[in-house]
Amino acid sequence: MERIAVIDFETNGLAPGSHCRATEIAVVLLENGRLVDRYQSLMNAGVWIPSDIERLTGISNRMLKTAPPVAQVMREAADFVGSTPLLAHNASFDKKFWDYELGLLGRQRTQDFACSMLLARRLLPHAPNHKLGTLNSWLGLPATGRAHRALADTEMAANLMLHLAGLLQRQHGVAEVSHGLLCQLQKQPAAKVAAWLSARGH
DNA sequence: TGCCAGGCCCTCTTTAGGGCCTT
């Protein structure tokens, strides 16, 4: 499998803006089905973390006070990713923040995002639900640390991605699981993907 | 101190509504 960059943001809210920014990012690079490199950092964008989100992520306002500036972290993360194709769990969320934070640096994304949630809905329709943590437990994938911290969630998404790639290869005979194929699959209606998988055999 | 969104997908749909998923 080609190189893929799996990313996850922790933020202080759901939609980027002047009061809602990224607070932590993690990136892991997958190559030939293995995790080959990683980047992780808290970042200080000068925003306040509400108490409910602090409880959710474990990232406190105190922790952000000593974190490096957001511009420095996002430059490092963007340089780390380069033009590598991206993947995230519920990528529409991380894509918003990636594009917003890069935009503030005058930079622009050039690669597509694949989404492990959209793919899991198509490839694992019988899962109890398609939350990242649920899928990881349900599939018996390795524990990666405290949920809702960026690196732990990124590694969970990476393990999920490798599991889905394995399903496509072993159960459905897909010779090469490319990022382009993942992006195509996630755009197709679930019923159409199910029919395509069924025709390839289980 | 703490406000807050939006794309996807199903169906009791398509001139819409609501749940899922991310923090």
# chains A, B, ... in the order shown; residues from 1 in each chain; ligands from 1
$ interface_residues --of "chain B" --to "chain A" --cutoff "8 Å" --atoms "only C-alpha atoms (C1' of nucleotides)" --output "ChimeraX atom specification"
/B:2,4-5,7,21-23
$ write_last_selection --atoms "N, CA, C and O atoms (P, O5', C5', C4', C3', O3' and C1' of nucleotides)" --output "tab-separated table (two decimals), in the first residue's frame"
chain	number	residue	atom	x	y	z
B	2	DG	P	-19.07	29.47	32.35
B	2	DG	O5'	-19.16	29.45	30.75
B	2	DG	C5'	-19.99	30.38	30.10
B	2	DG	C4'	-19.80	30.24	28.62
B	2	DG	C3'	-19.73	28.79	28.13
B	2	DG	O3'	-20.41	28.73	26.90
B	2	DG	C1'	-17.87	29.94	27.37
B	4	DC	P	-24.49	28.20	21.76
B	4	DC	O5'	-23.74	27.90	20.38
B	4	DC	C5'	-23.61	28.91	19.41
B	4	DC	C4'	-22.61	28.44	18.38
B	4	DC	C3'	-22.98	27.09	17.77
B	4	DC	O3'	-22.69	27.14	16.38
B	4	DC	C1'	-20.83	26.99	18.72
B	5	DA	P	-23.69	26.42	15.38
B	5	DA	O5'	-22.74	25.68	14.33
B	5	DA	C5'	-21.42	26.16	14.11
B	5	DA	C4'	-20.88	25.42	12.92
B	5	DA	C3'	-21.84	25.36	11.73
B	5	DA	O3'	-21.07	25.47	10.56
B	5	DA	C1'	-21.39	23.16	12.53
B	7	DG	P	-21.35	21.16	4.44
B	7	DG	O5'	-20.93	19.74	3.86
B	7	DG	C5'	-19.67	19.17	4.23
B	7	DG	C4'	-19.82	17.68	4.39
B	7	DG	C3'	-20.69	17.02	3.31
B	7	DG	O3'	-20.02	15.86	2.84
B	7	DG	C1'	-21.51	16.47	5.47
B	21	DC	P	-22.19	6.46	14.58
B	21	DC	O5'	-21.17	7.68	14.70
B	21	DC	C5'	-20.03	7.72	13.85
B	21	DC	C4'	-19.45	9.11	13.82
B	21	DC	C3'	-18.78	9.59	15.10
B	21	DC	O3'	-17.44	9.14	15.13
B	21	DC	C1'	-19.87	11.35	13.84
B	22	DT	P	-16.51	9.40	16.39
B	22	DT	O5'	-15.95	10.87	16.17
B	22	DT	C5'	-14.99	11.14	15.14
B	22	DT	C4'	-14.81	12.64	14.99
B	22	DT	C3'	-14.54	13.37	16.30
B	22	DT	O3'	-13.16	13.30	16.60
B	22	DT	C1'	-16.09	14.58	14.90
B	23	DT	P	-12.73	13.27	18.14
B	23	DT	O5'	-12.97	14.78	18.63
B	23	DT	C5'	-12.25	15.85	18.02
B	23	DT	C4'	-12.60	17.18	18.69
B	23	DT	C3'	-12.43	17.20	20.20
B	23	DT	O3'	-11.08	17.49	20.52
B	23	DT	C1'	-14.50	18.21	19.60
$ closest_atom_pairs --of "region 45-158 of chain A" --to "region 30-35 of chain A" --cutoff "12 Å" --atoms "only C-alpha atoms" --output "JSON lines"
{"residue": "A:Val81", "atom": "CA", "partner": "A:Leu30", "partner_atom": "CA", "distance": 11.3}
{"residue": "A:Thr84", "atom": "CA", "partner": "A:Leu30", "partner_atom": "CA", "distance": 10.0}
{"residue": "A:Pro85", "atom": "CA", "partner": "A:Leu30", "partner_atom": "CA", "distance": 10.4}
{"residue": "A:Leu86", "atom": "CA", "partner": "A:Leu30", "partner_atom": "CA", "distance": 10.3}
{"residue": "A:Leu87", "atom": "CA", "partner": "A:Leu30", "partner_atom": "CA", "distance": 10.3}
{"residue": "A:Thr154", "atom": "CA", "partner": "A:Leu35", "partner_atom": "CA", "distance": 10.9}
{"residue": "A:Glu155", "atom": "CA", "partner": "A:Leu35", "partner_atom": "CA", "distance": 8.6}
{"residue": "A:Met156", "atom": "CA", "partner": "A:Leu35", "partner_atom": "CA", "distance": 11.4}
{"residue": "A:Ala157", "atom": "CA", "partner": "A:Leu30", "partner_atom": "CA", "distance": 11.0}
{"residue": "A:Ala158", "atom": "CA", "partner": "A:Leu30", "partner_atom": "CA", "distance": 7.5}
$ write_last_selection --atoms "all heavy atoms" --output "mmCIF file, in the first residue's frame"
data_model
loop_
_atom_site.group_PDB
_atom_site.id
_atom_site.type_symbol
_atom_site.label_atom_id
_atom_site.label_comp_id
_atom_site.auth_asym_id
_atom_site.auth_seq_id
_atom_site.Cartn_x
_atom_site.Cartn_y
_atom_site.Cartn_z
ATOM 1 N N VAL A 81 3.698 16.199 6.705
ATOM 2 C CA VAL A 81 2.767 15.514 5.797
ATOM 3 C C VAL A 81 3.180 15.712 4.338
ATOM 4 O O VAL A 81 3.097 14.777 3.532
ATOM 5 C CB VAL A 81 1.326 16.035 6.025
ATOM 6 C CG1 VAL A 81 0.397 15.565 4.910
ATOM 7 C CG2 VAL A 81 0.801 15.582 7.375
ATOM 8 N N THR A 84 1.680 13.914 0.975
ATOM 9 C CA THR A 84 1.169 12.561 1.234
ATOM 10 C C THR A 84 -0.361 12.578 1.324
ATOM 11 O O THR A 84 -0.922 13.442 2.004
ATOM 12 C CB THR A 84 1.749 12.030 2.567
ATOM 13 O OG1 THR A 84 3.158 12.144 2.526
ATOM 14 C CG2 THR A 84 1.352 10.593 2.803
ATOM 15 N N PRO A 85 -1.037 11.627 0.665
ATOM 16 C CA PRO A 85 -2.507 11.561 0.777
ATOM 17 C C PRO A 85 -2.942 11.403 2.233
ATOM 18 O O PRO A 85 -2.277 10.717 3.012
ATOM 19 C CB PRO A 85 -2.863 10.313 -0.032
ATOM 20 C CG PRO A 85 -1.731 10.080 -0.947
ATOM 21 C CD PRO A 85 -0.505 10.589 -0.238
ATOM 22 N N LEU A 86 -4.056 12.012 2.597
ATOM 23 C CA LEU A 86 -4.498 12.089 3.988
ATOM 24 C C LEU A 86 -5.668 11.158 4.268
ATOM 25 O O LEU A 86 -6.444 10.815 3.366
ATOM 26 C CB LEU A 86 -4.916 13.526 4.307
ATOM 27 C CG LEU A 86 -3.773 14.522 4.435
ATOM 28 C CD1 LEU A 86 -4.276 15.949 4.221
ATOM 29 C CD2 LEU A 86 -3.115 14.393 5.803
ATOM 30 N N LEU A 87 -5.784 10.768 5.532
ATOM 31 C CA LEU A 87 -6.940 9.999 5.999
ATOM 32 C C LEU A 87 -7.236 10.413 7.430
ATOM 33 O O LEU A 87 -6.319 10.666 8.214
ATOM 34 C CB LEU A 87 -6.668 8.491 5.934
ATOM 35 C CG LEU A 87 -7.802 7.586 6.473
ATOM 36 C CD1 LEU A 87 -7.986 6.353 5.578
ATOM 37 C CD2 LEU A 87 -7.561 7.137 7.917
ATOM 38 N N THR A 154 -5.226 8.928 16.506
ATOM 39 C CA THR A 154 -4.615 8.759 15.183
ATOM 40 C C THR A 154 -4.152 7.321 14.994
ATOM 41 O O THR A 154 -4.346 6.729 13.921
ATOM 42 C CB THR A 154 -3.431 9.722 15.017
ATOM 43 O OG1 THR A 154 -3.904 11.051 15.204
ATOM 44 C CG2 THR A 154 -2.824 9.621 13.641
ATOM 45 N N GLU A 155 -3.542 6.743 16.027
ATOM 46 C CA GLU A 155 -3.076 5.361 15.918
ATOM 47 C C GLU A 155 -4.257 4.394 15.815
ATOM 48 O O GLU A 155 -4.189 3.387 15.100
ATOM 49 C CB GLU A 155 -2.152 5.012 17.093
ATOM 50 C CG GLU A 155 -0.823 5.757 16.974
ATOM 51 C CD GLU A 155 0.180 5.362 18.048
ATOM 52 O OE1 GLU A 155 -0.169 4.581 18.951
ATOM 53 O OE2 GLU A 155 1.314 5.871 17.969
ATOM 54 N N MET A 156 -5.365 4.723 16.521
ATOM 55 C CA MET A 156 -6.574 3.895 16.369
ATOM 56 C C MET A 156 -7.079 3.956 14.941
ATOM 57 O O MET A 156 -7.446 2.926 14.349
ATOM 58 C CB MET A 156 -7.682 4.387 17.324
ATOM 59 C CG MET A 156 -7.671 3.716 18.667
ATOM 60 S SD MET A 156 -9.287 3.844 19.484
ATOM 61 C CE MET A 156 -9.233 5.497 20.124
ATOM 62 N N ALA A 157 -7.122 5.164 14.373
ATOM 63 C CA ALA A 157 -7.608 5.319 12.995
ATOM 64 C C ALA A 157 -6.669 4.605 12.021
ATOM 65 O O ALA A 157 -7.120 4.011 11.035
ATOM 66 C CB ALA A 157 -7.729 6.798 12.641
ATOM 67 N N ALA A 158 -5.370 4.646 12.312
ATOM 68 C CA ALA A 158 -4.405 3.974 11.445
ATOM 69 C C ALA A 158 -4.604 2.459 11.502
ATOM 70 O O ALA A 158 -4.596 1.782 10.465
ATOM 71 C CB ALA A 158 -2.975 4.345 11.866
#
$ select_by_dssp --residues "region 11-101 of chain A" --states "helix (DSSP H, G or I)" --output "PyMOL selection string"
chain A and resi 51-57+61-65+70-81+91-101
$ residues_around --residues "Val177 (chain A)" --least-positions-apart "6" --cutoff "10 Å" --atoms "only C-alpha atoms (C1' of nucleotides)" --output "PDB file with N, CA and C atoms, in the first residue's frame"
ATOM      1  N   MET A   1       0.843  -1.196   0.000  1.00  0.00           N
ATOM      2  CA  MET A   1       0.000   0.000   0.000  1.00  0.00           C
ATOM      3  C   MET A   1       0.882   1.252   0.000  1.00  0.00           C
ATOM      4  N   GLU A   2       0.436   2.239  -0.764  1.00  0.00           N
ATOM      5  CA  GLU A   2       1.197   3.492  -0.833  1.00  0.00           C
ATOM      6  C   GLU A   2       1.197   4.211   0.521  1.00  0.00           C
ATOM      7  N   LEU A 162      -5.727   0.002   8.440  1.00  0.00           N
ATOM      8  CA  LEU A 162      -5.013  -1.216   8.028  1.00  0.00           C
ATOM      9  C   LEU A 162      -5.950  -2.421   8.039  1.00  0.00           C
ATOM     10  N   LEU A 164      -9.210  -2.331   7.486  1.00  0.00           N
ATOM     11  CA  LEU A 164     -10.103  -2.207   6.332  1.00  0.00           C
ATOM     12  C   LEU A 164      -9.370  -2.578   5.046  1.00  0.00           C
ATOM     13  N   ALA A 165      -8.108  -2.163   4.949  1.00  0.00           N
ATOM     14  CA  ALA A 165      -7.312  -2.518   3.760  1.00  0.00           C
ATOM     15  C   ALA A 165      -7.152  -4.037   3.684  1.00  0.00           C
ATOM     16  N   GLY A 166      -6.922  -4.674   4.853  1.00  0.00           N
ATOM     17  CA  GLY A 166      -6.792  -6.126   4.897  1.00  0.00           C
ATOM     18  C   GLY A 166      -8.073  -6.823   4.458  1.00  0.00           C
ATOM     19  N   LEU A 168     -10.296  -5.632   2.369  1.00  0.00           N
ATOM     20  CA  LEU A 168     -10.424  -5.476   0.919  1.00  0.00           C
ATOM     21  C   LEU A 168      -9.507  -6.451   0.191  1.00  0.00           C
ATOM     22  N   GLN A 169      -8.309  -6.646   0.747  1.00  0.00           N
ATOM     23  CA  GLN A 169      -7.340  -7.526   0.087  1.00  0.00           C
ATOM     24  C   GLN A 169      -7.691  -8.994   0.270  1.00  0.00           C
TER      25      GLN A 169
END
$ closest_residue --among "A:Val36, A:Val6, A:Met43, A:Val70" --to "Asp153 (chain A)" --atoms "only C-alpha atoms"
A:Val6
$ select_by_dssp --residues "region 10-198 of chain A" --states "strand (DSSP E or B)" --output "compact mmCIF listing (two decimals) with C-alpha atoms, in the first residue's frame"
# COMPACT_ATOMS: atom_id res chain seq x y z
CA GLU A 10 -8.20 17.86 19.15
CA THR A 11 -9.96 21.23 19.22
CA GLY A 17 -13.28 30.19 13.67
CA CYS A 20 -12.63 27.71 17.87
CA ALA A 22 -7.06 23.27 17.00
CA THR A 23 -5.43 22.44 20.34
CA GLU A 24 -3.50 19.29 19.42
CA ILE A 25 -2.56 17.42 16.26
CA ALA A 26 -1.09 14.01 15.61
CA VAL A 27 0.01 12.49 12.31
CA VAL A 28 1.17 8.93 11.68
CA LEU A 29 2.63 7.81 8.37
CA LEU A 30 1.63 4.39 7.05
CA GLU A 31 3.75 2.71 4.44
CA ARG A 34 3.22 -0.39 8.70
CA LEU A 35 3.40 2.68 10.90
CA VAL A 36 6.75 4.21 9.91
CA ASP A 37 6.77 7.69 11.48
CA ARG A 38 4.71 9.98 13.70
CA TYR A 39 4.32 13.63 14.71
CA GLN A 40 2.37 14.95 17.69
CA SER A 41 2.11 18.29 19.46
CA LEU A 42 -0.20 20.41 21.55
CA ASN A 44 -1.47 27.29 21.63
CA PRO A 69 2.45 28.52 19.10
CA LEU A 86 -4.50 12.09 3.99
CA LEU A 87 -6.94 10.00 6.00
CA ALA A 88 -8.93 10.76 9.15
CA PHE A 113 -8.80 13.14 2.40
CA ALA A 114 -9.96 9.56 2.74
CA CYS A 115 -12.37 8.90 5.61
$ decode --residues "region 77-113 of chain A" --atoms "N, CA and C atoms" --output "tab-separated table (two decimals), in the first residue's frame"
chain	number	residue	atom	x	y	z
A	77	ALA	N	3.68	20.35	11.12
A	77	ALA	CA	2.79	19.25	10.73
A	77	ALA	C	2.62	19.22	9.21
A	78	ALA	N	2.43	20.40	8.62
A	78	ALA	CA	2.24	20.46	7.16
A	78	ALA	C	3.50	20.00	6.43
A	79	ASP	N	4.66	20.39	6.96
A	79	ASP	CA	5.92	19.94	6.35
A	79	ASP	C	6.09	18.44	6.51
A	80	PHE	N	5.67	17.92	7.68
A	80	PHE	CA	5.78	16.49	7.94
A	80	PHE	C	4.91	15.70	6.96
A	81	VAL	N	3.70	16.20	6.70
A	81	VAL	CA	2.77	15.51	5.80
A	81	VAL	C	3.18	15.71	4.34
A	82	GLY	N	3.62	16.91	3.99
A	82	GLY	CA	3.96	17.21	2.60
A	82	GLY	C	2.78	16.96	1.68
A	83	SER	N	3.00	16.23	0.62
A	83	SER	CA	1.92	15.97	-0.34
A	83	SER	C	1.33	14.57	-0.16
A	84	THR	N	1.68	13.91	0.97
A	84	THR	CA	1.17	12.56	1.23
A	84	THR	C	-0.36	12.58	1.32
A	85	PRO	N	-1.04	11.63	0.66
A	85	PRO	CA	-2.51	11.56	0.78
A	85	PRO	C	-2.94	11.40	2.23
A	86	LEU	N	-4.06	12.01	2.60
A	86	LEU	CA	-4.50	12.09	3.99
A	86	LEU	C	-5.67	11.16	4.27
A	87	LEU	N	-5.78	10.77	5.53
A	87	LEU	CA	-6.94	10.00	6.00
A	87	LEU	C	-7.24	10.41	7.43
A	88	ALA	N	-8.52	10.49	7.76
A	88	ALA	CA	-8.93	10.76	9.15
A	88	ALA	C	-10.26	10.06	9.39
A	89	HIS	N	-10.62	9.92	10.68
A	89	HIS	CA	-11.91	9.32	11.02
A	89	HIS	C	-12.94	10.44	11.11
A	90	ASN	N	-13.98	10.36	10.29
A	90	ASN	CA	-14.91	11.48	10.05
A	90	ASN	C	-14.09	12.65	9.50
A	91	ALA	N	-13.52	12.42	8.33
A	91	ALA	CA	-12.54	13.36	7.76
A	91	ALA	C	-13.13	14.74	7.52
A	92	SER	N	-14.43	14.85	7.37
A	92	SER	CA	-15.00	16.18	7.12
A	92	SER	C	-14.67	17.12	8.28
A	93	PHE	N	-14.57	16.57	9.48
A	93	PHE	CA	-14.22	17.38	10.65
A	93	PHE	C	-12.76	17.82	10.60
A	94	ASP	N	-11.85	16.88	10.45
A	94	ASP	CA	-10.41	17.21	10.47
A	94	ASP	C	-10.02	18.05	9.25
A	95	LYS	N	-10.70	17.81	8.12
A	95	LYS	CA	-10.43	18.58	6.90
A	95	LYS	C	-10.73	20.07	7.12
A	96	LYS	N	-11.84	20.35	7.84
A	96	LYS	CA	-12.19	21.74	8.11
A	96	LYS	C	-11.08	22.44	8.87
A	97	PHE	N	-10.56	21.76	9.92
A	97	PHE	CA	-9.53	22.38	10.75
A	97	PHE	C	-8.19	22.43	10.03
A	98	TRP	N	-7.84	21.38	9.29
A	98	TRP	CA	-6.59	21.36	8.52
A	98	TRP	C	-6.59	22.53	7.54
A	99	ASP	N	-7.67	22.68	6.79
A	99	ASP	CA	-7.74	23.74	5.79
A	99	ASP	C	-7.75	25.12	6.45
A	100	TYR	N	-8.47	25.24	7.56
A	100	TYR	CA	-8.55	26.54	8.25
A	100	TYR	C	-7.19	26.95	8.80
A	101	GLU	N	-6.53	26.02	9.50
A	101	GLU	CA	-5.24	26.37	10.12
A	101	GLU	C	-4.17	26.61	9.05
A	102	LEU	N	-4.17	25.80	7.98
A	102	LEU	CA	-3.20	26.03	6.90
A	102	LEU	C	-3.49	27.35	6.19
A	103	GLY	N	-4.78	27.67	6.05
A	103	GLY	CA	-5.15	28.93	5.41
A	103	GLY	C	-4.59	30.13	6.15
A	104	LEU	N	-4.58	30.06	7.48
A	104	LEU	CA	-4.03	31.17	8.28
A	104	LEU	C	-2.53	31.32	8.05
A	105	LEU	N	-1.89	30.26	7.58
A	105	LEU	CA	-0.45	30.31	7.27
A	105	LEU	C	-0.22	30.66	5.81
A	106	GLY	N	-1.30	30.87	5.06
A	106	GLY	CA	-1.17	31.17	3.64
A	106	GLY	C	-0.83	29.93	2.83
A	107	ARG	N	-1.16	28.74	3.39
A	107	ARG	CA	-0.87	27.51	2.67
A	107	ARG	C	-2.18	26.82	2.29
A	108	GLN	N	-2.09	25.93	1.33
A	108	GLN	CA	-3.29	25.28	0.81
A	108	GLN	C	-3.07	23.78	0.66
A	109	ARG	N	-4.08	23.01	1.03
A	109	ARG	CA	-4.01	21.55	0.87
A	109	ARG	C	-4.06	21.19	-0.61
A	110	THR	N	-3.26	20.21	-0.99
A	110	THR	CA	-3.25	19.80	-2.40
A	110	THR	C	-3.75	18.36	-2.57
A	111	GLN	N	-3.87	17.61	-1.46
A	111	GLN	CA	-4.22	16.19	-1.57
A	111	GLN	C	-5.62	15.96	-1.01
A	112	ASP	N	-6.21	14.82	-1.41
A	112	ASP	CA	-7.54	14.45	-0.94
A	112	ASP	C	-7.47	13.83	0.46
A	113	PHE	N	-8.63	13.83	1.12
A	113	PHE	CA	-8.80	13.14	2.40
A	113	PHE	C	-9.61	11.87	2.17
